[in-house]
$ cat data_29.cif   # mmCIF, C-alpha atoms
data_coords
#
loop_
_atom_site.label_atom_id
_atom_site.label_comp_id
_atom_site.auth_asym_id
_atom_site.auth_seq_id
_atom_site.Cartn_x
_atom_site.Cartn_y
_atom_site.Cartn_z
CA MET P 1 -7.69 -12.83 -30.73
CA LEU P 2 -6.61 -14.85 -27.72
CA THR P 3 -4.07 -17.64 -27.36
CA LEU P 4 -2.96 -19.01 -23.98
CA PRO P 5 -0.10 -21.55 -23.92
CA VAL P 6 -0.64 -24.99 -22.41
CA GLU P 7 0.82 -24.37 -18.96
CA ALA P 8 0.30 -25.89 -15.54
CA GLY P 9 -0.63 -24.07 -12.36
CA SER P 10 0.98 -24.49 -8.97
CA ALA P 11 -1.29 -27.42 -8.07
CA ALA P 12 -0.33 -29.48 -11.13
CA ALA P 13 0.37 -33.17 -10.91
CA ASN P 14 3.63 -34.51 -12.33
CA PRO P 15 3.20 -34.99 -15.20
CA PRO P 16 -0.08 -33.07 -15.56
CA VAL P 17 -2.81 -33.91 -18.04
CA ARG P 18 -2.42 -31.49 -20.97
CA ILE P 19 -5.60 -29.82 -22.24
CA LEU P 20 -6.31 -27.47 -25.14
CA VAL P 21 -9.57 -25.51 -25.31
CA ILE P 22 -10.69 -24.22 -28.72
CA GLY P 23 -13.48 -21.67 -28.45
CA ARG P 24 -14.53 -18.14 -29.32
CA THR P 25 -15.30 -15.94 -26.28
CA GLU P 26 -12.13 -14.62 -24.67
CA SER P 27 -13.55 -14.18 -21.17
CA VAL P 28 -14.93 -17.74 -21.12
CA LEU P 29 -11.63 -19.17 -22.36
CA SER P 30 -9.58 -17.22 -19.82
CA GLU P 31 -11.76 -18.20 -16.86
CA LEU P 32 -11.93 -21.85 -17.94
CA ILE P 33 -8.15 -22.08 -18.25
CA MET P 34 -7.74 -20.57 -14.78
CA ILE P 35 -10.14 -23.17 -13.33
CA LEU P 36 -8.43 -26.07 -15.10
CA ARG P 37 -4.98 -24.98 -13.94
CA GLU P 38 -6.26 -24.67 -10.37
CA LYS P 39 -7.53 -28.26 -10.67
CA GLY P 40 -4.00 -29.42 -11.47
CA TYR P 41 -4.12 -29.61 -15.26
CA ALA P 42 -1.78 -28.04 -17.80
CA ALA P 43 -4.26 -26.06 -19.89
CA GLY P 44 -4.19 -23.62 -22.79
CA ALA P 45 -6.69 -22.09 -25.17
CA THR P 46 -7.12 -20.34 -28.48
CA ASN P 47 -9.78 -18.70 -30.63
CA GLU P 48 -7.47 -18.57 -33.63
CA PHE P 49 -9.05 -21.56 -35.33
CA ASP P 50 -7.02 -21.32 -38.52
CA HIS P 51 -3.70 -21.32 -36.65
CA THR P 52 -4.38 -23.90 -33.94
CA LEU P 53 -2.13 -26.58 -35.44
CA ASP P 54 0.75 -24.11 -35.74
CA LEU P 55 0.36 -22.68 -32.24
CA PHE P 56 0.38 -25.94 -30.27
CA ASP P 57 2.26 -29.23 -30.24
CA ILE P 58 -0.73 -31.45 -30.86
CA ARG P 59 1.27 -34.61 -30.14
CA GLN P 60 1.65 -33.58 -26.49
CA LEU P 61 -2.07 -33.11 -25.80
CA ASP P 62 -4.27 -35.48 -23.80
CA LEU P 63 -7.64 -33.78 -24.29
CA VAL P 64 -9.16 -31.15 -26.60
CA VAL P 65 -12.32 -29.19 -25.74
CA PHE P 66 -14.43 -27.56 -28.45
CA GLY P 67 -16.65 -24.62 -27.61
CA GLY P 68 -20.16 -24.35 -28.98
CA MET P 69 -19.31 -21.42 -31.27
CA VAL P 70 -16.63 -23.27 -33.23
CA PRO P 71 -18.17 -23.68 -36.73
CA PRO P 72 -19.06 -27.34 -37.37
CA ASP P 73 -16.93 -27.61 -40.52
CA THR P 74 -13.96 -26.08 -38.72
CA LYS P 75 -14.42 -28.43 -35.78
CA ASP P 76 -14.62 -31.48 -38.07
CA GLN P 77 -11.44 -30.46 -39.88
CA LEU P 78 -9.55 -29.78 -36.65
CA ARG P 79 -10.73 -33.02 -35.11
CA GLU P 80 -9.53 -35.00 -38.12
CA GLN P 81 -6.18 -33.20 -38.27
CA ILE P 82 -5.59 -33.49 -34.52
CA SER P 83 -6.52 -37.19 -34.51
CA THR P 84 -4.10 -37.84 -37.36
CA ARG P 85 -1.23 -36.35 -35.36
CA ASN P 86 -2.36 -37.72 -32.00
CA PRO P 87 -4.67 -40.75 -32.22
CA SER P 88 -4.95 -41.11 -28.43
CA VAL P 89 -6.32 -37.62 -27.75
CA VAL P 90 -9.76 -37.36 -26.11
CA PHE P 91 -12.34 -34.86 -27.43
CA VAL P 92 -15.00 -33.07 -25.38
CA GLN P 93 -17.82 -30.95 -26.78
CA GLY P 94 -18.60 -28.14 -24.36
CA TYR P 95 -22.31 -27.90 -23.60
CA ALA P 96 -22.31 -24.10 -23.20
CA GLY P 97 -20.10 -21.08 -22.60
CA ILE P 98 -20.10 -21.63 -18.82
CA PRO P 99 -16.51 -22.10 -17.61
CA GLY P 100 -17.32 -24.06 -14.44
CA LEU P 101 -19.63 -26.41 -16.33
CA VAL P 102 -17.07 -27.15 -19.04
CA ALA P 103 -14.43 -27.77 -16.35
CA GLU P 104 -16.78 -30.38 -14.86
CA GLN P 105 -17.19 -31.93 -18.32
CA VAL P 106 -13.41 -32.26 -18.47
CA GLU P 107 -13.47 -33.95 -15.07
CA ALA P 108 -16.16 -36.31 -16.36
CA ALA P 109 -14.04 -37.24 -19.37
CA LEU P 110 -10.87 -37.79 -17.36
CA GLY P 111 -12.21 -38.91 -13.99
CA ASP P 112 -12.50 -42.25 -12.28
CA SER P 113 -15.37 -44.22 -13.82
CA THR P 114 -15.08 -47.01 -11.22
CA THR P 115 -16.65 -45.23 -8.27
CA ARG P 116 -16.48 -47.31 -5.09
CA PRO P 117 -18.93 -48.27 -3.71
CA ALA P 118 -20.69 -48.85 -7.04
CA SER P 119 -23.16 -46.19 -8.16
CA SER P 120 -25.34 -45.23 -11.09
CA VAL P 121 -26.57 -41.79 -12.08
CA ALA P 122 -29.23 -40.75 -14.60
CA TYR P 123 -31.24 -37.66 -15.46
CA ASP P 124 -35.01 -38.02 -16.01
CA ALA P 125 -36.19 -35.18 -18.24
CA GLN P 126 -39.88 -35.88 -17.66
CA SER P 127 -39.67 -35.44 -13.89
CA ARG P 128 -36.71 -33.05 -14.05
CA SER P 129 -34.88 -35.06 -11.41
CA ILE P 130 -31.55 -36.79 -10.99
CA GLY P 131 -31.70 -40.43 -9.94
CA ILE P 132 -28.78 -41.80 -7.95
CA SER P 133 -28.39 -45.41 -6.88
CA LEU P 134 -25.64 -46.21 -4.37
CA GLU P 135 -24.44 -49.55 -3.05
CA GLY P 136 -22.80 -47.82 -0.11
CA PRO P 137 -22.56 -44.37 1.54
CA GLN P 138 -20.97 -41.75 -0.69
CA ASP P 139 -20.20 -38.04 -0.69
CA VAL P 140 -22.31 -36.48 -3.44
CA ALA P 141 -22.31 -32.97 -4.89
CA ILE P 142 -24.86 -31.71 -7.42
CA ILE P 143 -24.57 -28.33 -9.12
CA VAL P 144 -27.03 -26.82 -11.58
CA TRP P 145 -25.81 -24.28 -14.12
CA TRP P 146 -27.69 -22.01 -16.50
CA HIS P 147 -27.27 -19.05 -18.82
CA THR P 148 -28.80 -15.75 -17.74
CA SER P 149 -27.91 -13.80 -20.90
CA PHE P 150 -26.86 -14.61 -24.45
CA VAL P 151 -26.00 -11.03 -25.43
CA PRO P 152 -22.78 -11.19 -27.49
CA PRO P 153 -19.90 -11.17 -27.07
CA GLU P 154 -20.06 -11.96 -23.34
CA PRO P 155 -22.61 -14.60 -22.29
CA LYS P 156 -23.57 -14.57 -18.61
CA SER P 157 -24.44 -17.49 -16.38
CA THR P 158 -25.00 -18.56 -12.80
CA SER P 159 -25.00 -21.76 -10.79
CA GLN P 160 -26.47 -23.26 -7.63
CA VAL P 161 -25.33 -26.13 -5.44
CA ILE P 162 -28.42 -28.21 -4.71
CA LEU P 163 -26.70 -31.01 -2.80
CA ASP P 164 -23.35 -31.31 -1.06
CA GLY P 165 -23.30 -34.05 1.50
CA ARG P 166 -23.22 -37.74 2.25
CA LEU P 167 -25.96 -40.03 0.94
CA LEU P 168 -26.66 -43.47 2.34
CA ALA P 169 -26.87 -46.63 0.26
CA GLY P 170 -30.04 -46.93 -1.78
CA THR P 171 -31.96 -45.02 -4.42
CA HIS P 172 -32.31 -41.26 -4.29
CA ALA P 173 -34.19 -38.76 -6.49
CA ILE P 174 -33.07 -35.13 -6.39
CA ALA P 175 -35.38 -32.65 -8.09
CA ILE P 176 -34.08 -29.79 -10.21
CA PRO P 177 -35.30 -26.53 -8.57
CA HIS P 178 -38.18 -24.75 -10.31
CA ALA P 179 -36.00 -21.64 -10.64
CA VAL P 180 -33.73 -23.44 -13.09
CA PRO P 181 -34.97 -22.54 -16.60
CA HIS P 182 -36.08 -25.06 -19.18
CA GLN P 183 -33.49 -23.87 -21.68
CA ALA P 184 -29.71 -23.44 -21.50
CA SER P 185 -29.51 -25.31 -18.20
CA PHE P 186 -27.32 -28.18 -17.06
CA ALA P 187 -26.44 -30.31 -14.04
CA THR P 188 -23.26 -31.97 -12.84
CA VAL P 189 -23.08 -34.78 -10.29
CA SER P 190 -19.86 -35.67 -8.45
CA ILE P 191 -19.68 -38.99 -6.60
CA GLY P 192 -16.27 -39.83 -5.24
CA GLY P 193 -13.87 -39.61 -8.17
CA SER P 194 -16.63 -39.81 -10.77
CA VAL P 195 -18.31 -36.82 -12.43
CA HIS P 196 -21.43 -36.88 -14.61
CA ALA P 197 -22.76 -33.97 -16.70
CA PHE P 198 -26.32 -33.65 -18.04
CA ILE P 199 -28.26 -31.26 -20.26
CA VAL P 200 -31.39 -30.16 -18.39
CA GLY P 201 -32.63 -27.64 -20.96
CA PRO P 202 -31.12 -27.38 -24.47
CA MET P 203 -29.46 -24.25 -25.77
CA PRO P 204 -31.81 -21.98 -27.78
CA SER P 205 -31.52 -22.01 -31.55
CA GLY P 206 -28.82 -19.66 -32.80
CA THR P 207 -26.79 -19.63 -29.57
CA THR P 208 -24.56 -22.58 -30.42
CA MET P 209 -23.15 -24.24 -33.52
CA ALA P 210 -22.44 -27.53 -31.75
CA ARG P 211 -24.13 -30.51 -33.27
#
$ encode --input "data_29.cif" --output "structure tokens"
Amino acid sequence: MLTLPVEAGSAAANPPVRILVIGRTESVLSELIMILREKGYAAGATNEFDHTLDLFDIRQLDLVVFGGMVPPDTKDQLREQISTRNPSVVFVQGYAGIPGLVAEQVEAALGDSTTRPASSVAYDAQSRSIGISLEGPQDVAIIVWWHTSFVPPEPKSTSQVILDGRLLAGTHAIAIPHAVPHQASFATVSIGGSVHAFIVGPMPSGTTMAR
């Protein structure tokens, strides 16, 4: 069992956004919390599903992340109980047990949705490409993530930066590399203060309980 208190790292804002991650795999939880604290959040985690409400002050949370291996019924019960105590809390469903990816999903949920200059981002599954439309020059970063092993209890993954630079105004199409598999793969796009996360290839059956 693993429980990490909601604590801020040295880079935390004042007051920091407070995040609780509820998941199963200890190594994924530990690495994710380290990343979130380095990003300036106050973050904690637990895989003690039945004791979550006793271990944390739910009223102080800003965002709750659910891992894919939290049983659906348990997640529904926790979501209802947490919402009752804290109606303003934001929920995020983690796409996969990839700490860096889930950290980007948190950024997407909390980040600036009013990117300036205006932009739009979409993923086209048929062409396996990310379309970006910019009204002005912007710094853009695109990372692809994918699982390399599902062997329990420690899933393995990797990532690749496919773009990190300044794009001019206009429409751009960035292809997902052929090496990125058609299952258990994802992409994140950062434009200014805005982050977008996409499923490129769905998780295989039996590797997640997320709906």
$ closest_residue --input "data_29.cif" --among "P:Ser133, P:Val6, P:Ile162, P:Gly23" --to "Ser120 of chain P" --atoms "only C-alpha atoms"
P:Ser133
$ atom_distance --input "data_29.cif" --atom1 "atom CA of Thr158 of chain P" --atom2 "atom CA of Val28 of chain P"
13.1 Å
$ closest_residue --input "data_29.cif" --among "P:Ala42, P:Ala184, P:Ile191, P:Leu61" --to "His147 of chain P" --atoms "all atoms listed in the file"
P:Ala184
$ atom_distance --input "data_29.cif" --atom1 "atom CA of Glu135 of chain P" --atom2 "atom CA of Ala169 of chain P"
5.0 Å
$ resolve_selection --input "data_29.cif" --expression "the PyMOL selection byres ((chain P and resi 43-49) around 10)" --output "number ranges by chain"
P: 1-9, 16-26, 29-30, 32-38, 40-42, 50-53, 55-56, 61, 63-65, 67, 69-71, 74-75, 78
$ atom_distance --input "data_29.cif" --atom1 "atom CA of Asn14 of chain P" --atom2 "atom CA of Leu101 of chain P"
25.0 Å
